[in-house]
Structure formats: structure tokens, C-alpha cells
file data.csv (CSV, C-alpha atoms)
chain,number,residue,atom,x,y,z
A,290,MET,CA,123.1,109.9,104.7
A,291,ALA,CA,120.3,107.6,103.6
A,292,THR,CA,117.1,107.4,105.6
A,293,ALA,CA,115.1,104.2,106.0
A,294,LYS,CA,111.5,104.2,105.0
A,295,TRP,CA,109.1,103.0,107.6
A,296,GLY,CA,106.3,101.5,105.5
A,297,ASN,CA,108.3,99.5,103.1
A,298,GLY,CA,111.8,99.3,104.4
A,299,SER,CA,113.9,97.1,106.6
A,300,VAL,CA,113.2,99.2,109.7
A,301,PHE,CA,109.6,98.1,109.7
A,302,GLU,CA,110.6,94.5,109.0
A,303,TYR,CA,113.1,94.5,111.8
A,304,LEU,CA,110.6,96.0,114.2
A,305,CYS,CA,108.0,93.3,113.4
A,306,THR,CA,110.6,90.6,113.9
A,307,GLU,CA,111.8,92.0,117.2
A,308,MET,CA,108.2,92.4,118.5
A,309,VAL,CA,107.6,88.7,117.8
A,310,ALA,CA,110.9,87.7,119.3
A,311,TYR,CA,110.1,89.8,122.4
A,312,ALA,CA,106.6,88.3,122.8
A,313,VAL,CA,107.9,84.8,122.5
A,314,ARG,CA,111.0,85.4,124.7
A,315,THR,CA,109.0,86.9,127.6
A,316,ALA,CA,106.0,84.6,127.4
A,317,GLY,CA,107.2,82.2,130.2
A,318,ALA,CA,108.2,85.1,132.5
A,319,HIS,CA,104.7,86.7,132.5
A,320,PRO,CA,102.1,84.0,131.8
A,321,GLU,CA,99.4,86.2,133.3
A,322,VAL,CA,99.5,88.5,130.3
A,323,GLY,CA,98.6,85.7,127.9
A,324,SER,CA,100.2,83.8,125.0
A,325,PRO,CA,102.6,85.6,122.6
A,326,VAL,CA,99.7,85.8,120.0
A,327,GLN,CA,97.4,87.5,122.6
A,328,ARG,CA,100.2,89.9,123.6
A,329,LEU,CA,100.9,90.9,120.0
A,330,ASP,CA,97.2,91.3,119.3
A,331,ALA,CA,96.9,93.5,122.4
A,332,MET,CA,99.9,95.6,121.4
A,333,GLY,CA,98.4,96.1,117.9
A,334,PHE,CA,95.0,97.0,119.4
A,335,SER,CA,96.5,99.8,121.4
A,336,VAL,CA,98.5,101.0,118.4
A,337,GLY,CA,95.4,101.0,116.1
A,338,GLU,CA,93.4,102.9,118.6
A,339,LYS,CA,96.1,105.6,119.0
A,340,ILE,CA,96.6,106.0,115.3
A,341,VAL,CA,92.9,106.4,114.6
A,342,GLU,CA,92.6,108.9,117.4
A,343,ARG,CA,95.4,111.0,116.0
A,344,ILE,CA,94.3,111.0,112.3
A,345,THR,CA,90.5,111.5,113.0
A,346,ARG,CA,90.8,114.5,115.4
A,347,GLU,CA,89.4,116.9,112.9
A,348,LYS,CA,87.2,114.6,110.9
A,349,SER,CA,83.5,114.3,111.1
A,350,ARG,CA,81.8,111.0,111.9
A,351,PHE,CA,81.5,108.5,109.2
A,352,HIS,CA,77.9,108.2,107.9
A,353,ASN,CA,78.1,104.7,106.4
A,354,ASN,CA,80.2,101.6,106.0
A,355,ALA,CA,81.5,102.8,102.6
A,356,GLU,CA,83.0,105.9,104.1
A,357,LEU,CA,84.5,104.0,107.0
A,358,LEU,CA,86.1,101.3,104.8
A,359,LYS,CA,87.5,103.9,102.4
A,360,PHE,CA,89.0,105.7,105.4
A,361,ILE,CA,90.6,102.4,106.7
A,362,THR,CA,92.0,101.3,103.4
A,363,LYS,CA,93.2,104.7,102.2
A,364,GLU,CA,93.9,107.2,105.0
A,365,PHE,CA,94.5,104.8,108.0
A,366,TRP,CA,96.5,102.3,106.0
A,367,THR,CA,98.6,105.0,104.5
A,368,ALA,CA,99.3,106.6,107.9
A,369,THR,CA,100.2,103.2,109.3
A,370,PHE,CA,102.0,101.4,106.5
A,371,ARG,CA,102.8,104.3,104.0
A,372,LYS,CA,100.7,102.7,101.3
A,373,GLU,CA,97.1,101.9,100.5
A,374,ALA,CA,95.3,98.6,100.8
A,375,GLU,CA,92.6,97.0,98.7
A,376,PHE,CA,89.1,96.5,100.0
A,377,SER,CA,86.6,93.9,98.7
A,378,PRO,CA,83.3,93.1,100.3
A,379,SER,CA,82.7,89.4,100.9
A,380,GLY,CA,79.1,88.9,101.9
A,381,ALA,CA,78.8,89.7,105.6
A,382,HIS,CA,82.5,90.2,106.0
A,383,TRP,CA,85.0,92.9,104.9
A,384,VAL,CA,88.3,91.8,103.3
A,385,ILE,CA,91.3,94.1,103.3
A,386,THR,CA,94.3,92.9,101.1
A,387,ASP,CA,97.8,94.2,101.4
A,388,SER,CA,100.0,92.8,98.6
A,389,SER,CA,103.3,93.4,100.4
A,390,LEU,CA,102.7,93.6,104.1
A,391,LEU,CA,104.6,90.4,104.9
A,392,LYS,CA,107.3,90.6,102.3
A,393,HIS,CA,109.9,90.0,105.1
A,394,MET,CA,108.3,86.6,105.8
A,395,SER,CA,108.9,85.3,102.2
A,396,PHE,CA,112.6,84.8,102.9
A,397,MET,CA,112.4,83.9,106.6
A,398,PRO,CA,114.2,80.7,107.2
A,399,ASP,CA,112.4,77.7,108.8
A,400,ALA,CA,113.7,77.8,112.4
A,401,PRO,CA,112.6,76.5,115.8
A,402,VAL,CA,110.4,79.0,117.6
A,403,ALA,CA,107.9,79.0,120.4
A,404,THR,CA,104.7,77.6,118.9
A,405,PRO,CA,101.5,79.5,119.8
A,406,PRO,CA,98.0,78.2,118.9
A,407,VAL,CA,98.0,77.8,115.1
A,408,ALA,CA,94.6,79.4,114.3
A,409,LEU,CA,95.1,82.7,112.4
A,410,SER,CA,92.0,84.3,113.9
A,411,THR,CA,92.8,86.4,116.9
A,412,SER,CA,89.1,86.6,117.9
A,413,THR,CA,89.0,83.3,119.8
A,414,LEU,CA,92.5,82.7,121.1
A,415,PRO,CA,93.1,80.1,123.8
A,416,SER,CA,95.2,81.2,126.7
A,417,SER,CA,97.5,78.2,126.6
A,418,THR,CA,101.2,78.6,127.3
A,419,PRO,CA,103.3,78.0,124.2
A,420,THR,CA,105.8,75.2,123.9
A,421,THR,CA,109.2,75.2,122.3
A,422,SER,CA,109.7,73.2,119.1
A,423,SER,CA,112.6,70.8,118.9
A,424,ALA,CA,115.0,70.5,116.0
A,425,ILE,CA,113.2,71.0,112.7
A,426,THR,CA,114.1,69.8,109.3
A,427,PRO,CA,113.2,72.3,106.5
A,428,GLY,CA,110.3,70.9,104.4
A,429,SER,CA,109.1,68.5,107.2
A,430,PRO,CA,105.6,68.7,108.7
A,431,SER,CA,107.1,70.3,111.8
A,432,SER,CA,108.8,72.9,109.6
A,433,ALA,CA,105.4,73.7,108.0
A,434,ASN,CA,103.9,74.0,111.5
A,435,THR,CA,106.7,76.3,112.6
A,436,ARG,CA,106.2,78.5,109.5
A,437,THR,CA,102.5,78.6,110.2
A,438,SER,CA,103.3,79.6,113.8
A,439,MET,CA,105.6,82.4,112.7
A,440,LEU,CA,102.9,83.7,110.3
A,441,THR,CA,100.4,83.5,113.2
A,442,LEU,CA,102.7,85.6,115.4
A,443,HIS,CA,103.5,88.1,112.7
A,444,THR,CA,99.9,88.6,111.7
A,445,ALA,CA,98.6,88.9,115.3
A,446,PHE,CA,99.9,92.4,115.7
A,447,PHE,CA,98.3,93.5,112.4
A,448,CYS,CA,95.0,91.9,113.3
A,449,GLY,CA,95.1,93.9,116.6
A,450,VAL,CA,95.9,97.1,114.8
A,451,ILE,CA,92.8,96.7,112.6
A,452,LYS,CA,90.6,95.8,115.6
A,453,GLY,CA,91.9,98.7,117.6
A,454,ALA,CA,91.3,101.2,114.8
A,455,LEU,CA,87.8,100.0,114.2
A,456,SER,CA,87.0,99.8,117.9
A,457,ASN,CA,87.9,103.4,118.2
A,458,LEU,CA,85.5,104.2,115.4
A,459,GLY,CA,82.7,102.3,117.2
A,460,VAL,CA,82.9,99.0,115.3
A,461,MET,CA,83.4,95.9,117.4
A,462,CYS,CA,84.9,93.1,115.2
A,463,SER,CA,87.0,90.0,115.0
A,464,VAL,CA,89.8,89.9,112.5
A,465,ALA,CA,91.4,86.8,110.9
A,466,ALA,CA,94.5,86.9,108.7
A,467,ASP,CA,95.2,84.7,105.7
A,468,ALA,CA,98.8,84.8,104.7
A,469,THR,CA,98.9,81.7,102.5
A,470,SER,CA,100.1,83.6,99.5
A,471,LEU,CA,103.1,85.5,100.8
A,472,PRO,CA,103.8,88.4,100.7
A,473,THR,CA,100.1,89.1,100.3
A,474,CYS,CA,98.1,89.2,103.5
A,475,LYS,CA,94.3,89.2,103.5
A,476,PHE,CA,92.4,90.3,106.6
A,477,THR,CA,88.8,89.2,107.0
A,478,ILE,CA,86.9,91.4,109.3
A,479,LYS,CA,83.6,90.2,110.8
A,480,THR,CA,81.7,93.0,112.5
A,481,HIS,CA,79.7,92.4,115.7
A,482,SER,CA,77.9,95.7,115.6
A,483,LEU,CA,77.8,98.8,113.5

call {"tool": "encode", "arguments": {"input": "data.csv", "output": "C-alpha cells"}}
result
Amino acid sequence: MATAKWGNGSVFEYLCTEMVAYAVRTAGAHPEVGSPVQRLDAMGFSVGEKIVERITREKSRFHNNAELLKFITKEFWTATFRKEAEFSPSGAHWVITDSSLLKHMSFMPDAPVATPPVALSTSTLPSSTPTTSSAITPGSPSSANTRTSMLTLHTAFFCGVIKGALSNLGVMCSVAADATSLPTCKFTIKTHSL
């Protein structure tokens, strides 16, 4: 019997798709818990905290940013996604690039979905209730907005995972995702304190 691989197989892709669908589907029933983007970000934050807690139990504290970033892109990313990510400093920001994180998005059809705020940054999300799109023609401006909304929803969880992991390591930050070159996703991390 064949087993599905978590980090690069369809199980992971289906899980991401179902998390997004659940957050969108239940948004109207529980508006007090925020928009679908905020819910996915919060779920990711919790997951990131727990993963770091588990894999750093027997590690000593990190002495500098280089050690911390090496840990995030190598050990943490491997434990979470079964592969390593690339790191590149970008001035006052950190940029983590995963070349295949969103490969399931590259073949996702343009379809009507609940539309959250379109900003890809999860650091300053408005708490507005999403609205449902009407019929959308592929290639139309509405179709592009829907695709952007789907990318926002799918990256919100991953932004939360990174924020939760870094928070557990004592780094408060905001994370913005750039998924304009699918399946590559770049996460820009702006730290608030180190």
C-alpha cells in the first residue's frame, strides 16, 4: 500500500484547501472570531508555536539572528514542510522563499469564493466580514481578484505558522506573503523586537 507524503504530496494540498474552505464556510456563523484570513492566521500561529515547542525542547537558546534564521529555514521548515527553505536578508527584513509551497495553487481553477481583504500582509488585517463573489468569468478583473483572494486565504495560514514559531522563540514580527510567481512563495518578515 502506498503512503502519502505530508510535505510534498496531495494530503498536504487537500488539508490546505479544506482549511480554507472551512474558514470561509464558517465565517458567517461565527463573526466574533474574525474574518477567514484572521482565523487561518490564528490557526497557523498556534501550529507554529507548537511545532517550535516540540523541536526546541532540547536545544540551547539562539545567540544571534543568523542561528535563529538557520534554524527556521532548515530545521523548522523541514519539520513542518519536509523540505528546506531559502533565506535572504533584505535590509531590515528577512525573506524566506519556498519554491514549491503553493504548487497546488498553480492549477486551481478560478471559481467564486468568499472574498476577504486582499492585502497579503496578515499583520494589519481589518475585521470586516467577507462578501461572496457573484459569477466570475475566467480572465476577467473579478477572476483576478478571486485568485488574489484565494492566494490571500492560502498564505494566511503559513504567515501565521511563521509568526507563531518566531513568537515562541521571543521574536515579535509581522509576516507578509508574496505569491505572485506560483508555486514560489516569499515571506517577508519584519521584526518588532529581537

call {"tool": "atom_distance", "arguments": {"input": "data.csv", "atom1": "CA of Asn354 (chain A)", "atom2": "CA of Leu458 (chain A)"}}
result
11.1 Å

call {"tool": "atom_distance", "arguments": {"input": "data.csv", "atom1": "CA of Val322 (chain A)", "atom2": "CA of Lys475 (chain A)"}}
result
27.3 Å

call {"tool": "closest_residue", "arguments": {"input": "data.csv", "among": "A:Ser389, A:Thr369, A:Thr477, A:Ser377", "to": "Arg343 (chain A)", "atoms": "all atoms listed in the file"}}
result
A:Thr369

call {"tool": "atom_distance", "arguments": {"input": "data.csv", "atom1": "CA of Ala368 (chain A)", "atom2": "CA of Ala331 (chain A)"}}
result
19.7 Å

call {"tool": "build_atoms", "arguments": {"input": "data.csv", "residues": "region 458-469 of chain A", "atoms": "all heavy atoms", "output": "tab-separated table (two decimals), in the frame of the given file"}}
result
chain	number	residue	atom	x	y	z
A	458	LEU	N	86.54	103.58	116.25
A	458	LEU	CA	85.50	104.20	115.40
A	458	LEU	C	84.13	103.63	115.68
A	458	LEU	O	83.18	103.89	114.96
A	458	LEU	CB	85.88	103.92	113.91
A	458	LEU	CG	87.17	104.59	113.43
A	458	LEU	CD1	87.56	104.08	112.05
A	458	LEU	CD2	87.03	106.10	113.44
A	459	GLY	N	84.01	102.84	116.76
A	459	GLY	CA	82.70	102.30	117.20
A	459	GLY	C	82.31	101.01	116.58
A	459	GLY	O	81.15	100.61	116.68
A	460	VAL	N	83.22	100.30	115.96
A	460	VAL	CA	82.90	99.00	115.30
A	460	VAL	C	83.63	97.90	116.07
A	460	VAL	O	84.85	97.82	116.07
A	460	VAL	CB	83.35	99.01	113.83
A	460	VAL	CG1	83.05	97.66	113.20
A	460	VAL	CG2	82.68	100.13	113.07
A	461	MET	N	82.86	97.04	116.72
A	461	MET	CA	83.40	95.90	117.40
A	461	MET	C	83.53	94.76	116.34
A	461	MET	O	82.58	94.53	115.58
A	461	MET	CB	82.56	95.40	118.54
A	461	MET	CG	82.44	96.43	119.66
A	461	MET	SD	83.99	96.62	120.56
A	461	MET	CE	84.64	98.13	119.90
A	462	CYS	N	84.67	94.10	116.28
A	462	CYS	CA	84.90	93.10	115.20
A	462	CYS	C	85.88	92.04	115.66
A	462	CYS	O	86.57	92.20	116.66
A	462	CYS	CB	85.33	93.76	113.95
A	462	CYS	SG	86.95	94.54	114.10
A	463	SER	N	85.92	90.99	114.89
A	463	SER	CA	87.00	90.00	115.00
A	463	SER	C	87.72	90.06	113.65
A	463	SER	O	87.12	90.35	112.62
A	463	SER	CB	86.47	88.62	115.30
A	463	SER	OG	85.54	88.22	114.33
A	464	VAL	N	89.02	89.81	113.68
A	464	VAL	CA	89.80	89.90	112.50
A	464	VAL	C	90.62	88.60	112.34
A	464	VAL	O	91.25	88.15	113.30
A	464	VAL	CB	90.80	91.09	112.53
A	464	VAL	CG1	91.67	91.13	111.29
A	464	VAL	CG2	90.04	92.40	112.68
A	465	ALA	N	90.59	88.02	111.16
A	465	ALA	CA	91.40	86.80	110.90
A	465	ALA	C	92.29	87.14	109.70
A	465	ALA	O	91.89	87.84	108.76
A	465	ALA	CB	90.45	85.66	110.51
A	466	ALA	N	93.51	86.64	109.76
A	466	ALA	CA	94.50	86.90	108.70
A	466	ALA	C	94.70	85.63	107.88
A	466	ALA	O	94.75	84.53	108.42
A	466	ALA	CB	95.80	87.34	109.31
A	467	ASP	N	94.84	85.81	106.58
A	467	ASP	CA	95.20	84.70	105.70
A	467	ASP	C	96.45	85.12	104.96
A	467	ASP	O	96.44	86.03	104.13
A	467	ASP	CB	94.04	84.49	104.67
A	467	ASP	CG	94.38	83.43	103.64
A	467	ASP	OD1	95.43	82.74	103.77
A	467	ASP	OD2	93.61	83.29	102.67
A	468	ALA	N	97.54	84.45	105.30
A	468	ALA	CA	98.80	84.80	104.70
A	468	ALA	C	99.37	83.56	103.94
A	468	ALA	O	100.56	83.29	103.96
A	468	ALA	CB	99.80	85.20	105.79
A	469	THR	N	98.50	82.85	103.26
A	469	THR	CA	98.90	81.70	102.50
A	469	THR	C	99.63	81.98	101.23
A	469	THR	O	100.32	81.13	100.68
A	469	THR	CB	97.73	80.72	102.25
A	469	THR	OG1	96.73	81.45	101.57
A	469	THR	CG2	97.18	80.14	103.54
